[in-house]
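Pasting work_8.txt here (compact mmCIF, C-alpha atoms):
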# COMPACT_ATOMS: atom_id res chain seq x y z
CA MET A 150 89.43 132.94 102.13
CA ALA A 151 88.29 130.24 99.73
CA VAL A 152 90.09 126.92 100.13
CA PRO A 153 92.18 126.25 96.97
CA VAL A 154 91.34 123.16 94.93
CA ILE A 155 94.27 121.20 93.51
CA ASP A 156 93.53 119.04 90.48
CA ASN A 157 94.62 115.42 90.52
CA CYS A 158 97.37 115.79 87.91
CA THR A 159 99.00 118.67 89.81
CA ALA A 160 98.70 116.80 93.10
CA ARG A 161 100.34 113.70 91.65
CA ARG A 162 103.20 115.70 90.24
CA LEU A 163 103.79 117.55 93.49
CA PHE A 164 103.76 114.28 95.41
CA LEU A 165 106.12 112.56 92.96
CA ASP A 166 108.44 115.55 92.89
CA ARG A 167 108.75 115.42 96.67
CA HIS A 168 109.54 111.72 96.34
CA LEU A 169 112.18 112.42 93.64
CA LEU A 170 110.27 110.44 91.00
CA LEU A 171 109.10 113.22 88.70
CA ARG A 172 112.34 113.94 86.86
CA PRO A 173 115.88 112.58 86.53
CA GLN A 174 118.16 112.96 89.53
CA ALA A 175 121.74 113.96 88.82
CA GLY A 176 124.54 112.81 91.08
CA THR A 177 126.96 110.06 91.95
CA GLY A 178 124.70 107.94 94.15
CA LYS A 179 127.29 107.77 96.91
CA GLY A 180 128.87 109.85 99.66
CA ARG A 181 127.49 113.33 100.13
CA ASP A 182 125.16 112.93 97.15
CA LEU A 183 123.58 109.84 98.70
CA GLU A 184 123.29 111.59 102.07
CA GLN A 185 121.30 114.37 100.41
CA LEU A 186 119.11 111.86 98.58
CA LEU A 187 118.33 110.05 101.83
CA HIS A 188 117.61 113.33 103.60
CA LYS A 189 115.17 114.43 100.91
CA LEU A 190 113.30 111.14 101.16
CA GLY A 191 113.36 111.12 104.96
CA PHE A 192 114.15 107.39 105.22
CA VAL A 193 114.28 104.19 103.20
CA GLN A 194 112.59 101.04 104.45
CA VAL A 195 114.88 98.05 105.02
CA ASP A 196 113.58 94.65 103.98
CA SER A 197 115.26 91.28 103.67
CA VAL A 198 113.42 89.94 100.59
CA ASN A 199 115.87 89.75 97.71
CA THR A 200 114.14 88.23 94.70
CA LEU A 201 115.79 90.87 92.53
CA ALA A 202 117.21 93.58 94.81
CA ARG A 203 116.60 94.48 98.44
CA ALA A 204 113.91 97.11 99.02
CA HIS A 205 116.21 99.84 100.36
CA ASP A 206 118.59 99.42 97.44
CA LEU A 207 115.86 99.44 94.78
CA ILE A 208 114.25 102.52 96.34
CA LEU A 209 117.46 104.49 95.92
CA TRP A 210 118.35 103.03 92.53
CA SER A 211 114.91 103.97 91.17
CA ARG A 212 115.89 107.59 91.74
CA GLN A 213 119.63 107.46 91.06
CA THR A 214 120.74 104.66 88.75
CA ARG A 215 124.41 105.18 89.64
CA PHE A 216 123.67 104.07 93.20
CA ARG A 217 125.15 100.79 94.38
CA PRO A 218 124.25 98.99 97.65
CA ARG A 219 127.64 99.32 99.34
CA ALA A 220 127.26 103.10 99.40
CA LEU A 221 124.20 102.93 101.68
CA MET A 222 125.86 100.52 104.08
CA ASP A 223 128.82 102.91 104.27
CA LEU A 224 126.53 105.70 105.52
CA VAL A 225 125.64 103.55 108.51
CA ALA A 226 128.87 101.64 109.14
CA GLN A 227 131.59 104.07 108.04
CA THR A 228 130.65 107.76 107.85
CA ARG A 229 127.86 107.43 110.46
CA THR A 230 125.64 109.80 108.50
CA GLY A 231 122.72 107.39 108.64
CA PHE A 232 121.32 105.16 111.38
CA GLU A 233 118.93 102.24 111.49
CA HIS A 234 115.74 102.31 113.50
CA TRP A 235 111.97 102.22 112.97
CA THR A 236 109.50 104.52 111.31
CA HIS A 237 106.46 102.37 110.49
CA ASP A 238 108.98 99.57 109.96
CA ALA A 239 112.74 99.07 110.00
CA ALA A 240 114.45 101.87 108.07
CA ILE A 241 117.68 103.71 107.41
CA ILE A 242 117.29 107.32 108.51
CA PRO A 243 119.50 110.41 108.12
CA MET A 244 121.69 110.90 111.20
CA ALA A 245 120.49 114.53 111.36
CA PHE A 246 117.12 113.17 112.54
CA TYR A 247 118.60 111.27 115.48
CA PRO A 248 117.65 113.93 118.08
CA ILE A 249 113.95 113.66 117.21
CA TRP A 250 114.11 109.88 117.58
CA ARG A 251 114.65 110.25 121.34
CA LEU A 252 110.89 110.55 121.79
CA LYS A 253 110.38 107.39 119.76
CA PHE A 254 112.95 105.53 121.88
CA ALA A 255 111.12 106.48 125.08
CA ARG A 256 107.68 105.64 123.73
CA ASP A 257 108.84 102.37 122.17
CA GLU A 258 110.38 101.33 125.48
CA ALA A 259 107.15 102.01 127.34
CA ARG A 260 105.16 100.14 124.70
CA MET A 261 107.48 97.13 124.75
CA ARG A 262 107.45 96.90 128.54
CA ALA A 263 103.65 96.95 128.46
CA ARG A 264 103.10 94.52 125.58
CA TRP A 265 106.05 92.22 125.19
CA PRO A 266 105.42 90.15 128.35
CA ALA A 267 102.32 88.79 126.61
CA TRP A 268 103.90 88.64 123.13
CA ARG A 269 107.37 87.21 123.74
CA ARG A 270 108.78 84.11 125.34
CA GLU A 271 109.37 84.41 129.09
CA GLY A 272 112.69 85.54 130.49
CA TRP A 273 113.71 88.23 128.03
CA ASP A 274 113.48 91.10 130.53
CA GLY A 275 115.79 89.22 132.87
CA GLU A 276 118.44 89.11 130.14
CA ILE A 277 118.57 92.86 129.46
CA GLU A 278 121.45 93.65 131.81
CA THR A 279 123.38 90.54 130.78
CA VAL A 280 123.09 91.38 127.09
CA LEU A 281 123.96 95.03 127.67
CA ARG A 282 127.05 94.01 129.64
CA HIS A 283 128.06 91.58 126.88
CA VAL A 284 127.89 94.33 124.25
CA ALA A 285 129.76 96.79 126.49
CA ASP A 286 132.55 94.25 127.06
CA ASN A 287 132.75 92.71 123.59
CA GLY A 288 131.73 95.41 121.12
CA PRO A 289 129.57 94.79 118.02
CA THR A 290 127.29 91.85 118.74
CA SER A 291 124.82 89.88 116.67
CA SER A 292 121.94 87.76 117.89
CA ARG A 293 124.11 84.68 117.39
CA ASP A 294 126.53 85.94 120.04
CA VAL A 295 124.02 86.07 122.89
CA GLY A 296 121.91 83.38 124.51
CA THR A 297 124.06 80.61 123.08
CA ASP A 298 122.73 78.20 125.72
CA GLU A 299 119.08 79.15 125.13
CA GLN A 300 116.63 77.13 123.10
CA LYS A 301 116.04 78.79 119.74
CA GLY A 302 112.47 79.32 118.57
CA SER A 303 110.84 77.04 116.03
CA SER A 304 107.38 78.52 115.57
CA GLY A 305 108.20 81.45 113.29
CA TRP A 306 110.48 84.38 112.54
CA TRP A 307 109.27 86.34 115.58
CA ASP A 308 109.79 83.46 118.02
CA TRP A 309 113.02 84.90 119.38
CA HIS A 310 115.06 83.39 122.19
CA PRO A 311 115.11 85.60 125.33
CA SER A 312 118.54 87.16 124.72
CA LYS A 313 117.64 88.02 121.13
CA THR A 314 114.49 89.73 122.44
CA ALA A 315 116.58 91.64 125.01
CA LEU A 316 118.96 92.73 122.24
CA GLU A 317 116.08 94.05 120.15
CA PHE A 318 114.59 95.78 123.19
CA LEU A 319 117.86 97.59 123.86
CA TRP A 320 118.04 98.68 120.22
CA ARG A 321 114.44 99.83 119.96
CA SER A 322 114.79 101.80 123.21
CA GLY A 323 117.92 103.57 121.95
CA GLN A 324 120.46 102.06 124.34
CA LEU A 325 122.09 100.17 121.48
CA ALA A 326 122.51 101.13 117.83
CA ILE A 327 123.28 99.09 114.75
CA SER A 328 126.96 99.52 114.00
CA HIS A 329 127.03 97.56 110.74
CA ARG A 330 125.70 94.51 108.94
CA GLN A 331 127.42 91.42 107.59
CA GLY A 332 125.29 90.19 104.73
CA PHE A 333 121.94 91.09 106.21
CA ARG A 334 122.84 90.23 109.80
CA LYS A 335 122.71 93.16 112.22
CA PHE A 336 125.51 93.91 114.65
CA TYR A 337 124.65 96.07 117.66
CA ASP A 338 126.91 98.25 119.77
CA LEU A 339 126.48 100.83 122.52
CA SER A 340 124.86 103.95 121.09
CA GLU A 341 127.71 106.11 122.38
CA ARG A 342 130.12 104.10 120.23
CA VAL A 343 127.99 104.42 117.09
CA ILE A 344 126.10 107.72 117.13
CA PRO A 345 128.29 110.84 116.74
CA ARG A 346 128.54 112.86 119.94
CA ASP A 347 126.94 116.05 118.59
CA TYR A 348 123.72 114.20 117.75
CA ARG A 349 123.65 112.40 121.11
CA ALA A 350 124.23 115.71 122.89
CA THR A 351 121.25 117.43 121.24
CA HIS A 352 118.17 117.32 123.45
CA LEU A 353 114.83 118.70 122.30
CA THR A 354 111.54 119.07 124.13
CA ASP A 355 108.65 116.81 123.15
CA ALA A 356 106.94 119.82 121.54
CA GLU A 357 110.03 120.62 119.47
CA ILE A 358 110.28 117.01 118.35
CA VAL A 359 106.63 116.88 117.30
CA ASP A 360 107.05 120.17 115.43
CA GLN A 361 110.12 118.92 113.55
CA ALA A 362 108.51 115.56 112.77
CA MET A 363 105.31 117.12 111.44
CA SER A 364 107.08 119.87 109.49
CA GLY A 365 109.47 117.31 108.02
CA ALA A 366 106.63 115.05 106.97
CA LEU A 367 104.72 117.88 105.30
CA ASP A 368 107.83 118.94 103.43
CA ARG A 369 108.31 115.42 102.08
CA LEU A 370 104.68 114.68 101.25
CA GLY A 371 103.72 118.07 99.83
CA PHE A 372 100.27 117.81 101.39
CA GLY A 373 98.43 115.55 103.77
CA THR A 374 95.86 115.12 106.50
CA SER A 375 97.00 115.21 110.11
CA GLY A 376 96.89 111.41 110.18
CA GLU A 377 98.97 111.06 107.01
CA LEU A 378 101.55 113.47 108.39
CA ALA A 379 101.73 111.61 111.71
CA ALA A 380 102.13 108.28 109.90
CA PHE A 381 105.17 109.44 107.92
CA PHE A 382 107.75 109.13 110.70
CA GLU A 383 105.41 107.52 113.28
CA ILE A 384 106.75 109.82 116.01
CA ALA A 385 103.85 112.18 116.75
CA THR A 386 100.66 110.58 118.04
CA ARG A 387 97.43 111.16 116.13
CA ASP A 388 96.23 113.57 118.83
CA GLU A 389 99.53 115.46 118.77
CA ALA A 390 99.28 115.68 114.99
CA LYS A 391 95.78 117.13 115.14
CA ALA A 392 96.86 119.70 117.73
CA TRP A 393 99.92 120.64 115.68
CA CYS A 394 97.84 121.16 112.53
CA LYS A 395 95.31 123.27 114.43
CA GLU A 396 98.03 125.52 115.87
CA ALA A 397 100.00 125.75 112.62
CA LEU A 398 96.84 126.63 110.70
CA ALA A 399 95.86 129.31 113.22
CA SER A 400 99.33 130.86 113.10
CA GLY A 401 99.46 130.84 109.30
CA ARG A 402 102.32 128.35 109.01
CA ILE A 403 100.16 126.00 106.94
CA ILE A 404 96.99 126.32 104.88
CA GLU A 405 94.14 124.04 103.91
CA ALA A 406 93.61 122.79 100.37
CA ASP A 407 91.17 120.40 98.71
CA ILE A 408 93.13 117.74 96.85
CA THR A 409 91.34 116.05 93.95
CA MET A 410 91.60 112.28 94.21
CA ALA A 411 91.76 109.87 91.28
CA ASP A 412 88.01 109.26 91.51
CA GLY A 413 87.22 112.99 91.42
CA THR A 414 86.41 113.38 95.10
CA LEU A 415 88.03 116.12 97.17
CA ARG A 416 90.12 115.42 100.26
CA ARG A 417 90.71 118.28 102.66
CA SER A 418 94.42 118.40 103.43
CA PHE A 419 97.12 120.65 104.83
CA THR A 420 99.95 122.15 102.82
CA ILE A 421 101.93 125.36 102.54
CA SER A 422 101.48 128.15 100.00
CA GLU A 423 105.00 127.71 98.68
CA ALA A 424 104.30 124.09 97.79
CA LEU A 425 101.21 125.03 95.77
CA ASP A 426 103.10 127.82 93.99
CA HIS A 427 105.87 125.36 93.19
CA ALA A 428 103.43 122.69 91.99
CA ILE A 429 102.02 124.97 89.29
CA SER A 430 105.47 125.42 87.74
CA LEU A 431 106.59 121.79 87.85
CA PRO A 432 107.80 120.38 84.52
CA ASN A 433 106.17 117.51 82.72
CA PRO A 434 107.26 114.22 84.24
CA SER A 435 110.05 112.13 82.80
CA SER A 436 108.81 109.50 80.37
CA ARG A 437 111.10 106.89 81.92
CA VAL A 438 109.42 103.70 83.00
CA ARG A 439 110.46 103.03 86.60
CA ILE A 440 110.29 99.70 88.39
CA LEU A 441 109.61 100.47 92.05
CA SER A 442 110.07 98.50 95.22
CA PRO A 443 106.85 97.29 96.86
CA PHE A 444 108.10 99.28 99.86
CA ASP A 445 108.81 102.48 97.94
CA PRO A 446 108.03 105.60 100.02
CA ALA A 447 105.57 106.72 97.35
CA LEU A 448 103.53 103.56 98.03
CA ARG A 449 104.20 103.08 101.73
CA ASP A 450 100.79 104.51 102.60
CA ARG A 451 98.77 102.12 100.45
CA ALA A 452 95.46 103.89 101.06
CA ARG A 453 96.91 107.28 100.11
CA ALA A 454 98.45 105.86 96.93
CA GLU A 455 95.14 104.31 95.98
CA ARG A 456 93.25 107.53 96.52
CA LEU A 457 95.78 109.65 94.63
CA PHE A 458 96.68 107.30 91.77
CA GLY A 459 93.75 104.89 91.67
CA PHE A 460 96.29 102.09 92.15
CA HIS A 461 95.27 99.27 94.48
CA TYR A 462 98.36 97.41 95.67
CA ARG A 463 98.82 94.69 98.26
CA ILE A 464 101.92 92.57 98.71
CA GLU A 465 101.11 88.86 98.56
CA ILE A 466 104.11 87.32 100.35
CA PHE A 467 101.90 85.96 103.13
CA VAL A 468 99.04 84.93 100.82
CA PRO A 469 98.96 81.19 100.01
CA GLU A 470 100.21 80.68 96.47
CA ALA A 471 96.90 79.31 95.18
CA LYS A 472 95.12 82.46 96.36
CA ARG A 473 97.56 85.03 94.96
CA LYS A 474 96.15 87.31 92.30
CA TYR A 475 99.54 88.37 90.95
CA GLY A 476 102.56 86.84 92.67
CA TYR A 477 104.83 86.47 95.68
CA TYR A 478 106.72 89.75 95.22
CA VAL A 479 105.37 91.95 92.45
CA PHE A 480 106.90 95.32 91.56
CA PRO A 481 104.75 98.41 90.92
CA VAL A 482 105.65 100.16 87.67
CA LEU A 483 105.51 103.94 87.23
CA GLN A 484 105.62 105.98 84.03
CA GLY A 485 105.30 109.73 84.12
CA ASP A 486 102.76 110.55 86.82
CA ARG A 487 100.85 107.28 86.43
CA LEU A 488 101.25 103.82 87.92
CA ILE A 489 100.85 101.74 84.78
CA GLY A 490 101.01 98.20 86.09
CA ARG A 491 102.83 95.59 88.11
CA LEU A 492 105.69 93.27 87.23
CA ASP A 493 106.51 89.75 88.36
CA ALA A 494 110.25 89.31 87.83
CA LYS A 495 113.08 87.66 89.72
CA ARG A 496 116.75 86.83 89.52
CA ASP A 497 117.25 83.26 88.31
CA GLY A 498 120.94 82.53 88.43
CA LYS A 499 122.52 85.04 86.07
CA THR A 500 119.23 85.75 84.30
CA LEU A 501 116.49 88.26 84.96
CA ALA A 502 113.35 86.17 84.49
CA VAL A 503 110.26 88.19 83.57
CA ARG A 504 107.20 86.12 84.35
CA ALA A 505 104.37 88.61 83.88
CA PHE A 506 103.39 92.22 83.49
CA TRP A 507 99.82 93.26 84.24
CA PRO A 508 98.94 96.71 82.83
CA GLU A 509 96.41 98.75 84.76
CA ALA A 510 92.94 99.21 83.31
CA GLY A 511 93.06 101.75 80.50
CA VAL A 512 96.82 101.42 79.97
CA LYS A 513 97.66 100.56 76.39
CA MET A 514 100.89 98.65 75.95
CA SER A 515 102.06 100.38 72.80
CA LYS A 516 105.38 99.57 71.14
CA ALA A 517 106.87 102.68 72.73
CA ARG A 518 105.70 101.70 76.22
CA ILE A 519 106.95 98.13 75.81
CA ALA A 520 110.29 99.53 74.64
CA GLY A 521 110.36 101.78 77.72
CA LEU A 522 109.75 98.82 79.98
CA ALA A 523 112.46 96.83 78.20
CA ALA A 524 114.90 99.72 78.64
CA GLU A 525 114.20 99.86 82.37
CA LEU A 526 114.64 96.10 82.67
CA ASP A 527 118.00 96.42 80.93
CA ARG A 528 119.07 99.13 83.38
CA LEU A 529 117.90 96.93 86.23
CA ARG A 530 119.79 93.97 84.77
CA HIS A 531 123.07 95.80 85.28
CA PHE A 532 122.11 96.81 88.81
CA ALA A 533 121.09 93.25 89.72
CA ASP A 534 124.30 91.90 88.15
CA VAL A 535 122.68 89.45 85.76
CA ASP A 536 123.72 88.75 82.19
CA GLY A 537 120.45 88.61 80.30
CA ILE A 538 116.67 88.90 80.36
CA GLU A 539 114.25 86.09 79.58
CA PHE A 540 110.54 86.72 79.00
CA GLU A 541 108.01 83.94 79.48
CA ASN A 542 105.81 83.43 76.43
CA THR A 543 102.74 84.75 78.19
CA TRP A 544 104.50 87.57 80.11
CA LEU A 545 102.26 90.37 78.81
CA ARG A 546 98.89 89.87 80.44
CA GLY A 547 95.67 91.45 79.27
As C-alpha cells, what does this structure read like?
Amino acid sequence: MAVPVIDNCTARRLFLDRHLLLRPQAGTGKGRDLEQLLHKLGFVQVDSVNTLARAHDLILWSRQTRFRPRALMDLVAQTRTGFEHWTHDAAIIPMAFYPIWRLKFARDEARMRARWPAWRREGWDGEIETVLRHVADNGPTSSRDVGTDEQKGSSGWWDWHPSKTALEFLWRSGQLAISHRQGFRKFYDLSERVIPRDYRATHLTDAEIVDQAMSGALDRLGFGTSGELAAFFEIATRDEAKAWCKEALASGRIIEADITMADGTLRRSFTISEALDHAISLPNPSSRVRILSPFDPALRDRARAERLFGFHYRIEIFVPEAKRKYGYYVFPVLQGDRLIGRLDAKRDGKTLAVRAFWPEAGVKMSKARIAGLAAELDRLRHFADVDGIEFENTWLRG
C-alpha cells in the first residue's frame, strides 16, 4: 500500500487538537474536569520561574481559562489523582500512570547509582537510610528538615548537601513521593502513605509498560517517529521504541505516514488510521490568540515544533543578558494553527508590563490581531491577579 501523505496544515491541526489547543475547552478547570485535562495531556512540566505565572499553571490555563493554581495542587496533595515525578523534567502526572513509572524508578535508581558518585558531593549514599528513617518517623519532610548539621552548597542550585541528595535519590527511585508543597517547597513522604494502594498494587511487565508508554505517547502526539514517541514520557529506551514500532507496524496496530513539514519536506512517521480519519474532519482552529508557557507540551520537543511550525524557540534564562536575542523568559504566542510570535511580559507589582512582542516573519500585525493579543493579555491579567496592563512605547517590534 502507498504511504499516505499528510499536508502540513492537517498535521498541525491534528497535533494541536491532541494538545487541546485547536478549539475551546469547556469545563470547570478543577476536580474531575482537571483530572481529565491532565490525562489528555499526559503530564504538565513543573517549573519554578514565576515572572508572570508558573509553567504548569500557564499550561493548564492556556487550555481552560477557568483553571486556578490551587486546583492542580489539590490533585497531588488532597485527592491523590496526580503525582509528581520526572518525564524529561519534573512534572505532574496522572495517578493512573503510576504503574508504568515503576520501570522509570528502577532505571533512574540504576542511573543515579552509576553517575551520582562523580556528580554529587561525597557522602550522600551514606545518608540514604538515615533520611528514609527520618521520613518514616516524622512524616512529610522537606530538604530543610534533613542534614541540618551539614554544610550547605554555595556553588549553584545543584550543589546539594548530602542529605538533600539522598532525599532526591529516594524520590527519584520511587521509595518516597511528594505529598504536597508549601509555596514551591516540596515535602516528601513514604510512597505507601501518598500513592493510593490500588496503583501501588498494580505490577506490569517491562513489555507491558513499554507498550502502554508508547501507545500513550502516540495517542497524545497524533503521529511521530520512534524517537519522538520514546521522548514523550522518557520511559522506553530508543531501542525499545524502535522494536515496539516494528512489531506494532507488522501487526497492523500502527501505520506509516509521510508528514509534510513547514519547509515542505516529508518526515516518515508512525500514526494510526483513526487519527488520520479524524484529522480530515477537524474544524477550523479557534481564532483566539494564546500566550503559551515556554514549557508548553506543544513546544517541549523544540526540534519537532520547529519542523512542524517553522518556529525556532530557545529559552534564554541561562544566556548572559547582553547576548540575549529576545529576553530572559519570553512566551511563545499561538493563533489558530500558527505560532505568530513571542512576547516579553512580566508581573511588575500589580501591573502586567508588556515589554516587547516580536511577530514571526510574514505575520502582519493587523488591528484585529493586535486586538486579539490585547484580549488575551486582559484574560491573563485576571489570572495573574494584576490590576492593569502597561505597554512600553516600543513594545511592537518589526
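Picture a line from atom CA of A:Phe540 to atom CA of A:Val468; it runs 24.7 Å.
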Can you pull out the residues contacting A:Lys189? Cut-off 10 Å, using all atoms listed in the file, and skip same-chain residues under 6 positions away; I want them as number ranges by chain. A: 167-169, 183, 243, 365, 368-369
I need the residues from that last selection saved to file as a CSV table (one decimal), in the frame of the given file (with C-alpha atoms), if you can.
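Result went into part_15.csv, see below:
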chain,number,residue,atom,x,y,z
A,167,ARG,CA,108.8,115.4,96.7
A,168,HIS,CA,109.5,111.7,96.3
A,169,LEU,CA,112.2,112.4,93.6
A,183,LEU,CA,123.6,109.8,98.7
A,243,PRO,CA,119.5,110.4,108.1
A,365,GLY,CA,109.5,117.3,108.0
A,368,ASP,CA,107.8,118.9,103.4
A,369,ARG,CA,108.3,115.4,102.1
Please determine, counting all atoms listed in the file, which residue among A:Arg491, A:Arg402, A:Arg334, A:Lys513 has the shortest atom-to-atom distance to A:Pro443. A:Arg491
Around (101.5, 121.5, 105.8) in the file's frame, which residues reach within 6 Å when counting all atoms listed in the file? Return as a PyMOL selection string? chain A and resi 367+372+403+419-421
Shortest interatomic distance to A:Gln331 - which of A:Ala505, A:Met222, A:Leu165, A:Ile358, counting only C-alpha atoms: A:Met222
Test item: residues at most 10 Å from A:Asp486, all atoms listed in the file, excluding those fewer than 3 positions along its chain, as an mmCIF file with C-alpha atoms, in the coordinates of the input:
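The resulting file, selection-v3.cif, is shown below:
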data_model
loop_
_atom_site.group_PDB
_atom_site.id
_atom_site.type_symbol
_atom_site.label_atom_id
_atom_site.label_comp_id
_atom_site.auth_asym_id
_atom_site.auth_seq_id
_atom_site.Cartn_x
_atom_site.Cartn_y
_atom_site.Cartn_z
ATOM 1 C CA CYS A 158 97.370 115.790 87.910
ATOM 2 C CA THR A 159 99.000 118.670 89.810
ATOM 3 C CA ALA A 160 98.700 116.800 93.100
ATOM 4 C CA ARG A 161 100.340 113.700 91.650
ATOM 5 C CA ARG A 162 103.200 115.700 90.240
ATOM 6 C CA LEU A 163 103.790 117.550 93.490
ATOM 7 C CA PHE A 164 103.760 114.280 95.410
ATOM 8 C CA LEU A 165 106.120 112.560 92.960
ATOM 9 C CA ASP A 166 108.440 115.550 92.890
ATOM 10 C CA LEU A 170 110.270 110.440 91.000
ATOM 11 C CA LEU A 171 109.100 113.220 88.700
ATOM 12 C CA ASN A 433 106.170 117.510 82.720
ATOM 13 C CA PRO A 434 107.260 114.220 84.240
ATOM 14 C CA SER A 435 110.050 112.130 82.800
ATOM 15 C CA SER A 436 108.810 109.500 80.370
ATOM 16 C CA PHE A 458 96.680 107.300 91.770
ATOM 17 C CA LEU A 483 105.510 103.940 87.230
ATOM 18 C CA ILE A 489 100.850 101.740 84.780
#
Answer as a CSV table (one decimal) with C-alpha atoms, in the coordinates of the input, residues within 12 Å of (98.3, 114.3, 108.3) using only C-alpha atoms:
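What follows is the written file selection_6.csv:
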chain,number,residue,atom,x,y,z
A,362,ALA,CA,108.5,115.6,112.8
A,363,MET,CA,105.3,117.1,111.4
A,364,SER,CA,107.1,119.9,109.5
A,365,GLY,CA,109.5,117.3,108.0
A,366,ALA,CA,106.6,115.0,107.0
A,367,LEU,CA,104.7,117.9,105.3
A,368,ASP,CA,107.8,118.9,103.4
A,369,ARG,CA,108.3,115.4,102.1
A,370,LEU,CA,104.7,114.7,101.2
A,371,GLY,CA,103.7,118.1,99.8
A,372,PHE,CA,100.3,117.8,101.4
A,373,GLY,CA,98.4,115.6,103.8
A,374,THR,CA,95.9,115.1,106.5
A,375,SER,CA,97.0,115.2,110.1
A,376,GLY,CA,96.9,111.4,110.2
A,377,GLU,CA,99.0,111.1,107.0
A,378,LEU,CA,101.6,113.5,108.4
A,379,ALA,CA,101.7,111.6,111.7
A,380,ALA,CA,102.1,108.3,109.9
A,381,PHE,CA,105.2,109.4,107.9
A,382,PHE,CA,107.8,109.1,110.7
A,383,GLU,CA,105.4,107.5,113.3
A,385,ALA,CA,103.8,112.2,116.8
A,386,THR,CA,100.7,110.6,118.0
A,387,ARG,CA,97.4,111.2,116.1
A,388,ASP,CA,96.2,113.6,118.8
A,389,GLU,CA,99.5,115.5,118.8
A,390,ALA,CA,99.3,115.7,115.0
A,391,LYS,CA,95.8,117.1,115.1
A,392,ALA,CA,96.9,119.7,117.7
A,393,TRP,CA,99.9,120.6,115.7
A,394,CYS,CA,97.8,121.2,112.5
A,395,LYS,CA,95.3,123.3,114.4
A,403,ILE,CA,100.2,126.0,106.9
A,405,GLU,CA,94.1,124.0,103.9
A,416,ARG,CA,90.1,115.4,100.3
A,417,ARG,CA,90.7,118.3,102.7
A,418,SER,CA,94.4,118.4,103.4
A,419,PHE,CA,97.1,120.6,104.8
A,420,THR,CA,100.0,122.2,102.8
A,450,ASP,CA,100.8,104.5,102.6
A,453,ARG,CA,96.9,107.3,100.1
Any idea what the distance is between atom CA of A:Arg451 and atom CA of A:Asp412? 15.7 Å
Output as AutoDock Vina command-line options the centre and edge lengths (Å, one decimal) of the box along x, y and z of the file that holds every listed atom of stretch 335-349 of chain A after adding 5 Å on each side.
--center_x 126.4 --center_y 104.6 --center_z 117.4 --size_x 17.4 --size_y 32.9 --size_z 20.3
Two-atom distance - atom CA of A:Val198, atom CA of A:Asp294 (Å): 23.8 Å
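Among A:Trp507, A:Tyr478, A:Phe532, A:Trp309, the residue with the shortest atom-to-atom distance to A:Gly296, counting all atoms listed in the file, is A:Trp309.
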One residue among A:Leu281, A:Leu526, A:Ala397, A:Met244 is nearest to A:Leu441 when using all atoms listed in the file, and that residue is A:Leu526
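Comparing the minimum interatomic distances between A:Ile242 and each of A:Val225, A:Val535, A:Ile155, A:Val512, counting only C-alpha atoms, we find that A:Val225 sits nearest.
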Using only C-alpha atoms, the best pick from A:Tyr247, A:Phe336, A:Phe254, A:Tyr475 as closest to A:Ala350 would be A:Tyr247
Env of A:Arg504: 12 Å cut, atoms = only C-alpha atoms, seq-sep filter 6 positions within chain, self excluded. Answer as a ChimeraX atom specification. /A:475-480,491-497,538-546
